[in-house]
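Student: If it helps, the file is called target.csv and holds CSV, C-alpha atoms:
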chain,number,residue,atom,x,y,z
A,857,MET,CA,-13.5,6.2,1.2
A,858,ASN,CA,-14.8,3.7,-1.4
A,859,ARG,CA,-12.6,5.4,-4.1
A,860,ILE,CA,-9.5,5.0,-1.9
A,861,VAL,CA,-10.3,1.3,-1.5
A,862,ASN,CA,-10.6,1.2,-5.3
A,863,ALA,CA,-7.2,2.9,-5.6
A,864,VAL,CA,-5.8,0.2,-3.3
A,865,LYS,CA,-7.3,-2.5,-5.5
A,866,LEU,CA,-5.7,-1.0,-8.6
A,867,ASP,CA,-2.3,-1.0,-6.9
A,868,VAL,CA,-2.8,-4.6,-5.8
A,869,LEU,CA,-3.5,-5.5,-9.5
A,870,ALA,CA,-0.6,-3.4,-10.7
A,871,GLY,CA,1.8,-4.8,-8.2
A,872,ARG,CA,0.8,-8.5,-8.2
A,873,SER,CA,3.9,-9.5,-10.1
A,874,TYR,CA,5.9,-8.1,-7.2
A,875,LEU,CA,3.6,-9.6,-4.6
A,876,LYS,CA,4.3,-13.0,-6.2
A,877,MET,CA,8.0,-12.3,-5.7
A,878,ALA,CA,7.5,-11.9,-2.0
A,879,ALA,CA,7.4,-15.7,-1.3
A,880,PRO,CA,10.9,-16.5,-2.5
A,881,LEU,CA,12.2,-13.3,-0.9
A,882,PHE,CA,10.7,-14.2,2.5
A,883,LEU,CA,12.1,-17.7,2.1
A,884,LEU,CA,15.5,-16.1,1.5
A,885,ALA,CA,15.1,-14.2,4.8
A,886,LEU,CA,14.3,-17.4,6.6
A,887,LEU,CA,17.4,-19.1,5.1
A,888,ILE,CA,19.7,-16.3,6.0
A,889,GLY,CA,18.4,-16.0,9.5
A,890,THR,CA,18.7,-19.8,10.0
A,891,LEU,CA,22.2,-20.0,8.6
A,892,ALA,CA,23.4,-17.0,10.6
A,893,LYS,CA,21.7,-18.4,13.7
A,894,MET,CA,20.0,-15.1,14.2
A,895,PRO,CA,16.2,-15.6,14.2
A,896,ALA,CA,15.6,-11.9,15.0
A,897,PHE,CA,17.4,-11.0,11.8
A,898,THR,CA,14.9,-13.1,9.8
A,899,ILE,CA,12.2,-10.9,11.2
A,900,VAL,CA,13.9,-7.7,10.3
A,901,LEU,CA,15.0,-8.9,6.8
A,902,THR,CA,11.5,-10.1,5.9
A,903,VAL,CA,10.0,-6.7,6.5
A,904,VAL,CA,12.9,-4.9,4.8
A,905,LEU,CA,12.4,-7.0,1.7
A,906,SER,CA,8.7,-6.0,1.7
A,907,VAL,CA,9.8,-2.4,1.0
A,908,PHE,CA,11.0,-3.6,-2.4
A,909,VAL,CA,7.6,-5.3,-2.9
A,910,VAL,CA,5.6,-2.2,-2.3
A,911,GLY,CA,8.0,0.0,-4.3
A,912,GLY,CA,7.4,-2.2,-7.3
A,913,VAL,CA,4.0,-0.6,-7.8
A,914,PHE,CA,5.7,2.6,-9.0
A,915,ALA,CA,7.8,0.6,-11.4
A,916,VAL,CA,4.7,-1.0,-13.0
A,917,HIS,CA,2.8,2.3,-13.3
A,918,GLU,CA,5.8,4.0,-14.8
A,919,ARG,CA,6.5,1.2,-17.2
A,920,SER,CA,2.9,0.9,-18.4
A,921,HIS,CA,2.1,4.6,-18.2
A,922,THR,CA,-1.0,3.8,-16.1
A,923,GLU,CA,-0.8,7.2,-14.4
A,924,ARG,CA,-2.4,8.6,-17.5
A,925,LEU,CA,-5.2,6.1,-17.2
A,926,TYR,CA,-5.8,7.4,-13.6
A,927,GLY,CA,-6.3,10.8,-15.1
A,928,ILE,CA,-9.6,9.6,-16.8
A,929,LEU,CA,-10.8,7.5,-13.9
A,930,PRO,CA,-13.1,8.9,-11.2
A,931,LEU,CA,-10.1,9.2,-8.8
A,932,ARG,CA,-8.8,12.4,-7.4
A,933,ARG,CA,-5.0,12.7,-7.0
A,934,ASP,CA,-5.3,12.8,-3.3
A,935,GLU,CA,-7.1,9.4,-3.4
A,936,VAL,CA,-4.4,7.9,-5.6
A,937,VAL,CA,-1.8,9.0,-3.0
A,938,TRP,CA,-3.8,7.7,0.0
A,939,GLY,CA,-4.4,4.5,-1.8
A,940,ARG,CA,-0.7,4.0,-2.5
A,941,TYR,CA,0.1,4.5,1.2
A,942,ALA,CA,-2.8,2.3,2.3
A,943,TYR,CA,-1.5,-0.4,0.0
A,944,ALA,CA,2.0,-0.1,1.5
A,945,LEU,CA,0.6,-0.2,5.1
A,946,ILE,CA,-1.4,-3.3,4.4
A,947,VAL,CA,1.6,-5.1,2.9
A,948,SER,CA,3.7,-4.0,5.9
A,949,LEU,CA,1.3,-5.4,8.4
A,950,LEU,CA,0.9,-8.7,6.6
A,951,SER,CA,4.7,-9.1,6.2
A,952,THR,CA,5.2,-8.2,9.8
A,953,VAL,CA,2.9,-11.0,11.0
A,954,LEU,CA,4.6,-13.4,8.6
A,955,ALA,CA,8.0,-12.2,9.8
A,956,VAL,CA,7.2,-13.2,13.3
A,957,LEU,CA,6.2,-16.6,12.2
A,958,LEU,CA,9.3,-17.0,10.1
A,959,GLY,CA,11.5,-15.8,13.0
A,960,LEU,CA,10.0,-18.4,15.3
A,961,LEU,CA,10.5,-21.0,12.6
A,962,ALA,CA,14.1,-20.1,12.2
A,963,ALA,CA,14.7,-20.4,16.0
A,964,THR,CA,12.9,-23.8,16.0
A,965,ILE,CA,14.9,-25.1,13.1
A,966,ASP,CA,18.2,-24.1,14.8
A,967,GLY,CA,17.0,-25.1,18.2
A,968,ILE,CA,18.2,-21.8,19.7
A,969,SER,CA,16.7,-18.9,21.6
A,970,MET,CA,15.3,-15.9,19.7
A,971,SER,CA,18.0,-13.7,21.4
A,972,GLN,CA,21.0,-15.6,20.0
A,973,LEU,CA,23.3,-13.5,17.9
A,974,GLY,CA,25.1,-16.1,15.8
A,975,PRO,CA,26.7,-19.5,15.5
A,976,ASN,CA,28.5,-20.9,18.5
A,977,ARG,CA,27.4,-17.9,20.6
A,978,GLY,CA,25.1,-17.7,23.6
A,979,ALA,CA,22.0,-15.6,23.9
A,980,VAL,CA,22.2,-11.9,24.7
A,981,ALA,CA,21.4,-12.8,28.3
A,982,ALA,CA,19.4,-15.3,30.3
A,983,ALA,CA,17.2,-12.8,32.1
A,984,PRO,CA,13.5,-13.8,32.2
A,985,GLY,CA,11.5,-11.9,29.6
A,986,LEU,CA,14.4,-11.0,27.5
A,987,VAL,CA,13.4,-13.3,24.6
A,988,GLY,CA,10.1,-11.3,24.4
A,989,VAL,CA,12.1,-8.0,24.4
A,990,VAL,CA,14.3,-9.3,21.5
A,991,LEU,CA,11.3,-10.6,19.6
A,992,TRP,CA,9.1,-7.5,19.9
A,993,GLY,CA,12.1,-5.2,19.6
A,994,ALA,CA,12.9,-6.9,16.2
A,995,VAL,CA,9.3,-6.5,15.2
A,996,GLY,CA,9.1,-2.9,16.2
A,997,LEU,CA,12.5,-2.1,14.6
A,998,ALA,CA,11.5,-3.8,11.3
A,999,PHE,CA,8.1,-2.0,11.1
A,1000,LEU,CA,9.7,1.3,12.0
A,1001,TYR,CA,12.3,0.8,9.3
A,1002,PHE,CA,9.6,0.0,6.8
A,1003,CYS,CA,7.7,3.1,7.6
A,1004,PHE,CA,10.8,5.2,7.5
A,1005,SER,CA,11.9,3.8,4.1
A,1006,VAL,CA,8.4,4.3,2.6
A,1007,SER,CA,8.2,7.8,4.1
A,1008,VAL,CA,11.5,8.7,2.4
A,1009,ALA,CA,11.0,6.9,-0.9
A,1010,PHE,CA,7.4,7.5,-1.9
A,1011,PRO,CA,7.6,11.3,-2.2
A,1012,ILE,CA,10.8,10.9,-4.2
A,1013,TYR,CA,9.1,8.3,-6.5
A,1014,PHE,CA,6.1,10.6,-6.9
A,1015,HIS,CA,8.4,13.5,-7.9
A,1016,PHE,CA,11.2,11.9,-10.0
A,1017,GLY,CA,9.8,8.5,-10.9
A,1018,PHE,CA,10.8,5.0,-9.8
A,1019,ALA,CA,13.5,4.3,-12.5
A,1020,LYS,CA,15.5,7.5,-11.8
A,1021,ALA,CA,15.3,7.4,-8.0
A,1022,TYR,CA,15.2,3.8,-6.8
A,1023,LEU,CA,18.9,3.0,-6.7
A,1024,TYR,CA,19.9,6.3,-5.1
A,1025,THR,CA,17.0,6.2,-2.6
A,1026,MET,CA,17.0,2.6,-1.4
A,1027,LEU,CA,20.6,1.5,-1.7
A,1028,PRO,CA,21.7,3.6,1.4
A,1029,LEU,CA,18.7,2.3,3.4
A,1030,TYR,CA,19.6,-1.3,2.5
A,1031,LEU,CA,23.2,-0.7,3.5
A,1032,VAL,CA,22.0,0.4,6.9
A,1033,VAL,CA,20.5,-3.0,7.4
A,1034,LEU,CA,23.6,-4.8,6.3
A,1035,ALA,CA,25.8,-2.7,8.5
A,1036,SER,CA,23.4,-3.4,11.5
A,1037,LEU,CA,23.8,-7.2,10.8
A,1038,LEU,CA,27.6,-7.0,10.8
A,1039,ILE,CA,27.7,-4.9,14.0
A,1040,THR,CA,25.3,-7.2,15.7
A,1041,ARG,CA,27.4,-10.2,14.9
A,1042,TYR,CA,30.2,-8.6,16.9
A,1043,LEU,CA,28.2,-7.6,20.0
A,1044,ASN,CA,29.0,-9.2,23.3
A,1045,PRO,CA,26.4,-11.9,23.7
A,1046,THR,CA,26.7,-11.9,27.5
A,1047,VAL,CA,25.9,-8.3,28.3
A,1048,ASN,CA,24.3,-7.7,31.6
A,1049,VAL,CA,20.7,-6.5,31.9
A,1050,GLY,CA,20.7,-2.9,32.9
A,1051,GLY,CA,18.0,-0.5,34.1
A,1052,VAL,CA,16.8,0.3,30.5
A,1053,MET,CA,16.5,-3.4,29.7
A,1054,ASP,CA,14.7,-4.0,33.0
A,1055,PHE,CA,12.2,-1.3,32.0
A,1056,PHE,CA,11.5,-2.9,28.6
A,1057,ILE,CA,11.2,-6.4,30.1
A,1058,ALA,CA,8.5,-5.0,32.4
A,1059,ASN,CA,6.9,-3.0,29.6
A,1060,THR,CA,7.6,-5.1,26.5
A,1061,TYR,CA,4.4,-3.8,24.8
A,1062,LEU,CA,6.0,-0.4,24.4
A,1063,LEU,CA,8.3,-1.7,21.7
A,1064,PRO,CA,5.8,-2.6,19.1
A,1065,VAL,CA,3.3,0.1,20.2
A,1066,GLY,CA,6.0,2.8,20.2
A,1067,ALA,CA,7.2,1.7,16.7
A,1068,LEU,CA,3.6,1.7,15.4
A,1069,VAL,CA,2.9,5.2,16.6
A,1070,ILE,CA,6.2,6.7,15.4
A,1071,GLY,CA,5.9,4.8,12.1
A,1072,LEU,CA,2.4,6.0,11.4
A,1073,CYS,CA,3.5,9.6,12.3
A,1074,LEU,CA,6.3,9.3,9.7
A,1075,MET,CA,3.8,8.0,7.1
A,1076,ALA,CA,1.3,10.8,7.8
A,1077,ILE,CA,4.1,13.4,7.2
A,1078,SER,CA,5.1,11.6,4.1
A,1079,VAL,CA,1.5,11.5,2.8
A,1080,THR,CA,1.2,15.2,3.2
A,1081,ILE,CA,4.4,15.8,1.2
A,1082,SER,CA,3.4,13.3,-1.5
A,1083,ARG,CA,0.0,14.9,-1.9
A,1084,GLY,CA,1.6,18.3,-2.5
A,1085,ILE,CA,4.1,16.8,-5.0
A,1086,TYR,CA,1.5,14.7,-6.9
A,1087,ALA,CA,-1.0,17.6,-7.1
A,1088,ARG,CA,1.4,19.6,-9.2
A,1089,LYS,CA,2.8,16.8,-11.3
A,1090,GLU,CA,1.9,16.6,-15.0
A,1091,LEU,CA,0.6,13.1,-16.0
What is this file in structure tokens?

Tutor:
Amino acid sequence: MNRIVNAVKLDVLAGRSYLKMAAPLFLLALLIGTLAKMPAFTIVLTVVLSVFVVGGVFAVHERSHTERLYGILPLRRDEVVWGRYAYALIVSLLSTVLAVLLGLLAATIDGISMSQLGPNRGAVAAAPGLVGVVLWGAVGLAFLYFCFSVSVAFPIYFHFGFAKAYLYTMLPLYLVVLASLLITRYLNPTVNVGGVMDFFIANTYLLPVGALVIGLCLMAISVTISRGIYARKEL
């Protein structure tokens, strides 16, 4: 366990230049959500951008050839993989907490509800508890997207390297977020609250908890794949 912690520390040191980039990226997410008058999108975008931050560790290791250094350190390959995923998970949790704060800040700056979909538009609905559903739904969706992206990208990075695979791996995932924003802007903001929404209003906790469980399951599957790939990789 201590060696996995040490692997995480090495990744933090390797990726610190990307971690420093997180602040302006998150401010960009705040700006976009504020200008678009969609506080929930600030939440989603903040976590989406953190995928780029954690992926930068692969870029640094590849550029500086530190994987060869790992070969002489008292770290097994399994521990390197576990450390890389633990680092990603820590960043995702921290960015998710920050995303909530930025989303609330965007709503406060605009003086609008968290459920508003854009300028000069009303909230999705005025049902009691709906703001909480939108807030935690955005949090859950963002975290689930992060886990899905990492689960897809990390095994590819371990196998092909960051430089060869980043554009082809992440560009489609980023386009999904952009398409979701455009679709959301054209949704009817006065939709009625149906049975499904009533259920989530009464059980709002299921949104973040469900996303956490599914996200961690995706990460666990991805770790297994990455361990198999990295075990056979020549350093």

Student: Using all atoms listed in the file, can you tell me which of A:Ser906, A:Asn1059, A:Thr1025, A:Ser873 comes closest to A:Val947?

Tutor: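 The closest residue to A:Val947 is A:Ser906.
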
Student: Using only C-alpha atoms, which of A:Val1079, A:Val1006, A:Ile1070, A:Ala896 sits nearest A:Gln972?

Tutor: A:Ala896

Student: Could you state the separation of atom CA of A:Phe1004 and atom CA of A:Ala1087 in Å, given to one decimal place?

Tutor: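 Computing the Euclidean distance for atom CA of A:Phe1004 and atom CA of A:Ala1087 yields 22.5 Å.
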
Student: For stretch 1020-1022 of chain A, find every residue with an atom within 10 Å (counting all atoms listed in the file), except residues of its own chain fewer than 3 positions away, and show them as a PyMOL selection string.

Tutor: chain A and resi 908+911-912+914-915+1009-1010+1012-1017+1025-1027

Student: Excluding stretch 986-1003 of chain A and its own-chain neighbours fewer than 5 positions away, which residues fall within 8 Å of it when counting all atoms listed in the file? Please give them as JSON, numbers by chain.

Tutor: {"A": [896, 897, 899, 900, 901, 903, 904, 906, 907, 948, 952, 955, 956, 969, 970, 971, 981, 1056, 1057, 1060, 1061, 1063, 1064, 1065, 1066, 1067, 1068, 1070, 1071, 1072, 1074, 1075]}

Student: Env of A:Ala962: 9 Å cut, atoms = all atoms listed in the file, seq-sep filter 3 positions within chain, self excluded. Answer as an mmCIF file with C-alpha atoms, in the frame of the given file.

Tutor:
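In the end it all went to part_2.cif:
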data_model
loop_
_atom_site.group_PDB
_atom_site.id
_atom_site.type_symbol
_atom_site.label_atom_id
_atom_site.label_comp_id
_atom_site.auth_asym_id
_atom_site.auth_seq_id
_atom_site.Cartn_x
_atom_site.Cartn_y
_atom_site.Cartn_z
ATOM 1 C CA LEU A 886 14.300 -17.400 6.600
ATOM 2 C CA LEU A 887 17.400 -19.100 5.100
ATOM 3 C CA GLY A 889 18.400 -16.000 9.500
ATOM 4 C CA THR A 890 18.700 -19.800 10.000
ATOM 5 C CA LEU A 891 22.200 -20.000 8.600
ATOM 6 C CA LYS A 893 21.700 -18.400 13.700
ATOM 7 C CA MET A 894 20.000 -15.100 14.200
ATOM 8 C CA PRO A 895 16.200 -15.600 14.200
ATOM 9 C CA ALA A 896 15.600 -11.900 15.000
ATOM 10 C CA THR A 898 14.900 -13.100 9.800
ATOM 11 C CA LEU A 957 6.200 -16.600 12.200
ATOM 12 C CA LEU A 958 9.300 -17.000 10.100
ATOM 13 C CA GLY A 959 11.500 -15.800 13.000
ATOM 14 C CA ILE A 965 14.900 -25.100 13.100
ATOM 15 C CA ASP A 966 18.200 -24.100 14.800
ATOM 16 C CA GLY A 967 17.000 -25.100 18.200
ATOM 17 C CA ILE A 968 18.200 -21.800 19.700
ATOM 18 C CA MET A 970 15.300 -15.900 19.700
#

Student: Mind giving me the straight-line distance from atom CA of A:Leu931 to atom CA of A:Ala863 in Å, one decimal?

Tutor: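 Atom-to-atom, atom CA of A:Leu931 to atom CA of A:Ala863, that is 7.6 Å.
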
Student: What is the distance between atom CA of A:Pro930 and atom CA of A:Val916, in Å to one decimal?

Tutor: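 Computing it gives 20.4 Å between the two atoms.
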
Student: Determine the nearest neighbour of A:Ala944 from the options A:Gly871, A:Val1008, A:Val910, A:Ala885, counting all atoms listed in the file.

Tutor: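 Closest residue, counting all atoms listed in the file: A:Val910.
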
Student: Using all atoms listed in the file, which residue out of A:Ala942, A:Ala1058, A:Leu1031, A:Val913 lies closest to A:Gly985?

Tutor: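 Among the listed residues, the smallest separation from A:Gly985 belongs to A:Ala1058.
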
Student: From the list A:Ser951, A:Thr922, A:Thr964, A:Ser1082, which residue is nearest A:Leu869 when using all atoms listed in the file?

Tutor: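 Nearest to A:Leu869: A:Thr922.
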
Student: May I ask which of the residues A:Leu950, A:Asp1054, A:Leu960, A:Arg940 is the closest one to A:Ser1078, counting all atoms listed in the file?

Tutor: A:Arg940

Student: Can you write stretch 980-1008 of chain A from the block above with C-alpha atoms, as a PDB file, in the first residue's frame?

Tutor:
ATOM      1  CA  VAL A 980     -36.570  23.513 -16.359  1.00  0.00           C
ATOM      2  CA  ALA A 981     -39.522  23.525 -13.990  1.00  0.00           C
ATOM      3  CA  ALA A 982     -40.560  25.057 -10.748  1.00  0.00           C
ATOM      4  CA  ALA A 983     -41.256  21.829  -8.862  1.00  0.00           C
ATOM      5  CA  PRO A 984     -39.902  21.743  -5.304  1.00  0.00           C
ATOM      6  CA  GLY A 985     -36.663  19.797  -5.133  1.00  0.00           C
ATOM      7  CA  LEU A 986     -35.913  20.056  -8.835  1.00  0.00           C
ATOM      8  CA  VAL A 987     -32.920  22.345  -8.310  1.00  0.00           C
ATOM      9  CA  GLY A 988     -31.346  19.621  -6.183  1.00  0.00           C
ATOM     10  CA  VAL A 989     -31.998  17.056  -8.909  1.00  0.00           C
ATOM     11  CA  VAL A 990     -30.336  19.271 -11.527  1.00  0.00           C
ATOM     12  CA  LEU A 991     -27.390  20.018  -9.223  1.00  0.00           C
ATOM     13  CA  TRP A 992     -26.695  16.433  -8.204  1.00  0.00           C
ATOM     14  CA  GLY A 993     -27.606  15.133 -11.634  1.00  0.00           C
ATOM     15  CA  ALA A 994     -24.917  17.387 -13.123  1.00  0.00           C
ATOM     16  CA  VAL A 995     -22.433  16.250 -10.458  1.00  0.00           C
ATOM     17  CA  GLY A 996     -23.218  12.586 -11.079  1.00  0.00           C
ATOM     18  CA  LEU A 997     -23.095  12.959 -14.851  1.00  0.00           C
ATOM     19  CA  ALA A 998     -19.783  14.819 -14.694  1.00  0.00           C
ATOM     20  CA  PHE A 999     -18.152  12.254 -12.408  1.00  0.00           C
ATOM     21  CA  LEU A1000     -19.484   9.376 -14.517  1.00  0.00           C
ATOM     22  CA  TYR A1001     -18.125  11.028 -17.659  1.00  0.00           C
ATOM     23  CA  PHE A1002     -14.735  11.410 -15.976  1.00  0.00           C
ATOM     24  CA  CYS A1003     -14.627   7.741 -14.979  1.00  0.00           C
ATOM     25  CA  PHE A1004     -15.764   6.631 -18.427  1.00  0.00           C
ATOM     26  CA  SER A1005     -13.162   8.794 -20.169  1.00  0.00           C
ATOM     27  CA  VAL A1006     -10.339   7.602 -17.919  1.00  0.00           C
ATOM     28  CA  SER A1007     -11.487   3.998 -18.258  1.00  0.00           C
ATOM     29  CA  VAL A1008     -11.328   4.256 -22.044  1.00  0.00           C
TER      30      VAL A1008
END
